[in-house]
Amino acid sequence: MLRKLVVLLMLLPGMVYAAWNEGGNEAWGSRAKVTINAVGIPAAESEVPVVLRLHSGNFDFSSANLDGSDLRVVAGDDKTELKFHIEKFDSVNELAVIWVLLPKLDPAAKDAHIWLYSGNETATSAADAAGSFDAVTAAIFHFAESTLLQDSKRALVATGNVAVQKAALIGEAAILNGEQLVLAANPALALNDTQGFTFSAWLKPGAAEGTLYQQGAVTISLAAGKLQFNNGSAVVAGGELKPGTWQHVAVTVAGGKAVLYIDGTEVANGAAALPAVQDAVNIGNGYQGELDELELASAARSAAWIKAAASGQSMDGQLIKVSAAEGDEEEEGGSSHFMVLFHSLTVDAWVVIIILAVMFAISAAVMVAKARQVTRNDKANRAFIERFNDASHAELLQLDQGADTQNSTVVRLYLAGLREIRKRYDAAGQLSLSGASLDAIKAAVDADLIRENKKLNSNIVLLTIAISGGPFLGLLGTVIGVMITFAEIAAAGDVNVNAIAPGIAAALMATVAGLAVAIPALFGYNYLSSRIKNINTDMQIFVDEYITRVAELYGK
C-alpha cells in the first residue's frame with residue numbers, strides 16, 4: 001500500500017495538467033496560458049474563431065509531438081475542451097498557426113483565459129476543422145499550401161490558378177493576379193435577404209480595383225481604393241484600403257441594409273437588399289494582391305463579432321496573447337529569457353560561441369599567468385636593485401650570492417654581465433677593461449635584455465587576437481544567425497514579430513559573446529602592457545648603471 005502511495009505521489013506532477021481529462025488515462029506535461037483581453041470589444045452574440053500564433057518564444061515545441069497531434073485547447077474552467085484545428089505546425093522552424101473557436105466574450109471578465117495543452121506522446125489528434133467554425137459559416141478558405149483551394153468547413157473546392165505566399169499574415173495566403181477562383185453553385189452559398197450574408201477576408205491589395213466576390217448581380221469589390229457592395233440596383237461604398245498592407249474587410253447584408261467594415265470598424269452602410277440567388281461564386285476577378293482567410297457566412301454577423309474576429313486574427317491585435325508554457329515561466333529574475341535565447345540559438349551561432357568560449361579561456365589563462373609573472377618579476381627586481389645600489393665597490397661583482405635568479409629579470413642581466421667580466425681577468429687575477437671590452441660586455445647584456453623582453457611579452461599576442469578577433473567572430477555569428485532566421489521565416493510563411501524576435505535575439509548573443517571575450521582581454525592587455533613597460537624601463541636603467549659602475553672601477 002505504501003509503495004502504491006509513493007508511486008502515486010511521483011505521478012502527480014505529470015498528471016496535474018490532465019484535470020480536464022475525465023478519463024484520466026492520459027497526461028499532458030505542459031500547458032500555456034492564452035490570455036483573452038476583450039476590453040473595448042463589445043460582447044459578440046456567438047463564438048468567434050481566433051488565431052493562436054505559436055513560436056519558440058511562447059511555446060515549447062520540443063514538448064509537443066512533431067505534428068501537433070497532442071495539442072488540446074481547454075476553456076478557462078480547465079474542464080471544457082474547445083474546438084480547434086491546426087492550419088500549420090512546423091516543429092523544425094518552431095512556428096504554428098492554430099485556429100480556436102473562442103467562447104462568447106465578456107468584456108467585463110477579469111483574467112479571462114483559455115489553456116493550450118501539449119506534451120503527450122501517445123495522444124492522437126483532436127483537431128476538428130469543421131467544428132472550429134459556427135453553424136452559419138458557409139465556407140472558410142485558409143489558402144494553406146496543403147489545402148490551397150479547399151474550404152475547411154464543408155470541403156468545398158474552388159477551381160482556378162493561384163500562387164502561394166508563404167510569408168503571409170496567417171500562415172500561407174493566395175496571390176491573385178486578376179484571374180478568378182470559381183466555387184460551383186451550392187445551397188450553402190445561396191443568398192437571400194431574410195437569412196442575410198457576410199463576406200470577410202484579409203486583403204493585401206496591390207491595385208485599387210478588382211472584384212472580391214460575385215454571385216449573380218451581387219458583387220463586393222475594390223473601386224478606386226474603396227470597399228464597395230453592389231446588388232445590381234444599389235451601391236454602398238466607403239473606407240479606404242491601403243495598398244501593400246494587410247487589412248481585414250467585411251461586408252454584411254440583411255433586412256435591406258448593407259454594412260461595410262475595415263479592420264473591425266464600420267466605414268459605410270446603406271439601403272441594399274440581398275436578392276435571392278444560388279449561382280456559382282467568383283472570387284478575385286480582376287483583383288491583384290494577396291488574399292487570406294476568405295469566409296462566407298449565411299447570416300449577417302454583428303459589429304461586435306467582426307471586431308472580435310479582426311482583433312483575434314490580427315498580428316498585433318490585443319484580444320489574444322499566448323504566454324510561455326508553465327514549465328518555462330520565469331523562476332528567478334527573468335532567467336527564462338536566457339533559456340529562450342539558448343533554445344533559439346542556431347548551429348552556426350553555437351559554433352561561434354564555442355570558439356569564443358575557447359578564446360576566452362585561453363585569454364583568461366594568459367592574463368592570470370602573465371599577471372603572476374610580472375608581479376614576481378617586479379618584486380624580485382626591486383629587491384635586487386636595492387642590493388645593487390647599496391653594494392660597495394668590493395661587493396659589486398659578488399651580488400650573485402643568494403640572488404633570485406628564477407624570478408628577477410635584472411638578476412639574470414647582472415649574471416650575463418658578470419660572465420663576460422670574469423672572462424677578462426688576467427693570469428694574475430687582475431681585471432682591467434678596455435673600451436672595447438666594455439662595449440662587448442654591454443652588447444652581451446643588451447642581448448639578454450632583448451631576450452628577457454621577449455619572455456615578458458610571450459603569449460601577449462593571444463590577448464590582441466581576442467581583442468580584435470572576438471567582436472568580428474561574434475558579428476559573423478550574428479549576421480549568419482539573422483540570415484538564417486529570416487530565411488526560416490520566409491520559408492515558414494509567418495512574419496510575426498514574436499516569432500522573429502527570439503531568433504534575432506539569439507543571433508545577437510554571438511555578438512555579446514564576442515564582446516565578452518574582447519572587453520576583459522582589452523583591460524588585461526592594457527594592464528599587463530603597462531606593467532611590462534615598467535619592468536623593461538627598470539632593466540634598461542639597471543644595465544646603464546651596471547656598465548657605468550663597472551667602467552668606473554675597472555676601466556683603463
# chains A, B, ... in the order shown; residues from 1 in each chain; ligands from 1
>>> closest_atom_pairs(of="region 97-119 of chain A", to="region 139-161 of chain A", cutoff="12 Å", atoms="only C-alpha atoms", output="tab-separated table")
residue	atom	partner	partner_atom	distance
A:Val97	CA	A:Ala144	CA	10.6
A:Ile98	CA	A:His142	CA	11.5
A:Trp99	CA	A:His142	CA	10.4
>>> write_last_selection(atoms="C-alpha atoms", output="JSON list (two decimals), in the first residue's frame")
[["chain", "number", "residue", "atom", "x", "y", "z"],
["A", 97, "VAL", "CA", -0.93, 28.58, -36.53],
["A", 98, "ILE", "CA", -3.85, 27.21, -34.51],
["A", 99, "TRP", "CA", -7.49, 28.20, -35.03]]
>>> residues_around(residues="region 360-364 of chain A", least_positions_apart="4", cutoff="10 Å", atoms="only C-alpha atoms", output="number ranges by chain")
A: 354-356, 368-370, 459-467, 470, 513-514, 516-518, 520-521, 524-525
>>> closest_atom_pairs(of="region 45-114 of chain A", to="region 164-173 of chain A", cutoff="10 Å", atoms="only C-alpha atoms", output="CSV")
residue,atom,partner,partner_atom,distance
A:Val51,CA,A:Ile170,CA,8.1
A:Leu52,CA,A:Ile170,CA,9.7
A:Arg53,CA,A:Ile170,CA,8.3
A:Glu87,CA,A:Gly171,CA,7.3
A:Lys88,CA,A:Gly171,CA,6.7
A:Phe89,CA,A:Gly171,CA,9.7
A:Leu95,CA,A:Gly171,CA,9.2
A:Ala96,CA,A:Gly171,CA,8.0
A:Val97,CA,A:Gly171,CA,6.5
A:Ile98,CA,A:Ile170,CA,9.7
>>> residues_around(residues="region 266-272 of chain A", least_positions_apart="2", cutoff="10 Å", atoms="only C-alpha atoms", output="PyMOL selection string")
chain A and resi 193+226-240+249-264+274-275+303+306-307
>>> closest_residue(among="A:Ser56, A:Glu395, A:Ala112, A:Pro42", to="Ala75 (chain A)", atoms="only C-alpha atoms")
A:Ala112
>>> atom_distance(atom1="CA of Leu508 (chain A)", atom2="CA of Leu345 (chain A)")
9.6 Å
>>> select_by_dssp(residues="region 331-503 of chain A", states="helix (DSSP H, G or I)", output="PyMOL selection string")
chain A and resi 335-344+347-390+409-422+435-456+460-492+497-503
>>> select_by_dssp(residues="region 314-470 of chain A", states="strand (DSSP E)", output="list in words")
Ile320, Lys321, Val322, Ser323, Ala324 and Ala325 of chain A
>>> residues_around(residues="Thr375 (chain A)", least_positions_apart="6", cutoff="10 Å", atoms="only C-alpha atoms", output="PyMOL selection string")
chain A and resi 381+407+528+531-532+535
>>> write_last_selection(atoms="N, CA and C atoms", output="mmCIF file, in the first residue's frame")
data_model
loop_
_atom_site.group_PDB
_atom_site.id
_atom_site.type_symbol
_atom_site.label_atom_id
_atom_site.label_comp_id
_atom_site.auth_asym_id
_atom_site.auth_seq_id
_atom_site.Cartn_x
_atom_site.Cartn_y
_atom_site.Cartn_z
ATOM 1 N N ASN A 381 62.891 42.152 -8.849
ATOM 2 C CA ASN A 381 63.755 43.183 -9.431
ATOM 3 C C ASN A 381 64.023 44.306 -8.445
ATOM 4 N N ASN A 407 63.128 34.484 -10.570
ATOM 5 C CA ASN A 407 62.058 35.463 -10.749
ATOM 6 C C ASN A 407 62.531 36.837 -11.213
ATOM 7 N N LEU A 528 48.657 44.651 -18.331
ATOM 8 C CA LEU A 528 49.909 43.914 -18.461
ATOM 9 C C LEU A 528 50.940 44.694 -19.257
ATOM 10 N N ARG A 531 52.549 47.171 -16.959
ATOM 11 C CA ARG A 531 53.479 46.525 -16.016
ATOM 12 C C ARG A 531 54.759 46.085 -16.720
ATOM 13 N N ILE A 532 54.616 45.516 -17.912
ATOM 14 C CA ILE A 532 55.786 45.050 -18.661
ATOM 15 C C ILE A 532 56.662 46.239 -19.082
ATOM 16 N N ILE A 535 58.755 47.239 -16.112
ATOM 17 C CA ILE A 535 59.849 46.295 -15.878
ATOM 18 C C ILE A 535 60.955 46.506 -16.910
#
>>> residues_around(residues="Ala444 (chain A)", least_positions_apart="2", cutoff="8 Å", atoms="only C-alpha atoms", output="count of residues only")
9
>>> closest_residue(among="A:Ala123, A:Leu291, A:Val543, A:Ile41", to="Gly206 (chain A)", atoms="only C-alpha atoms")
A:Leu291
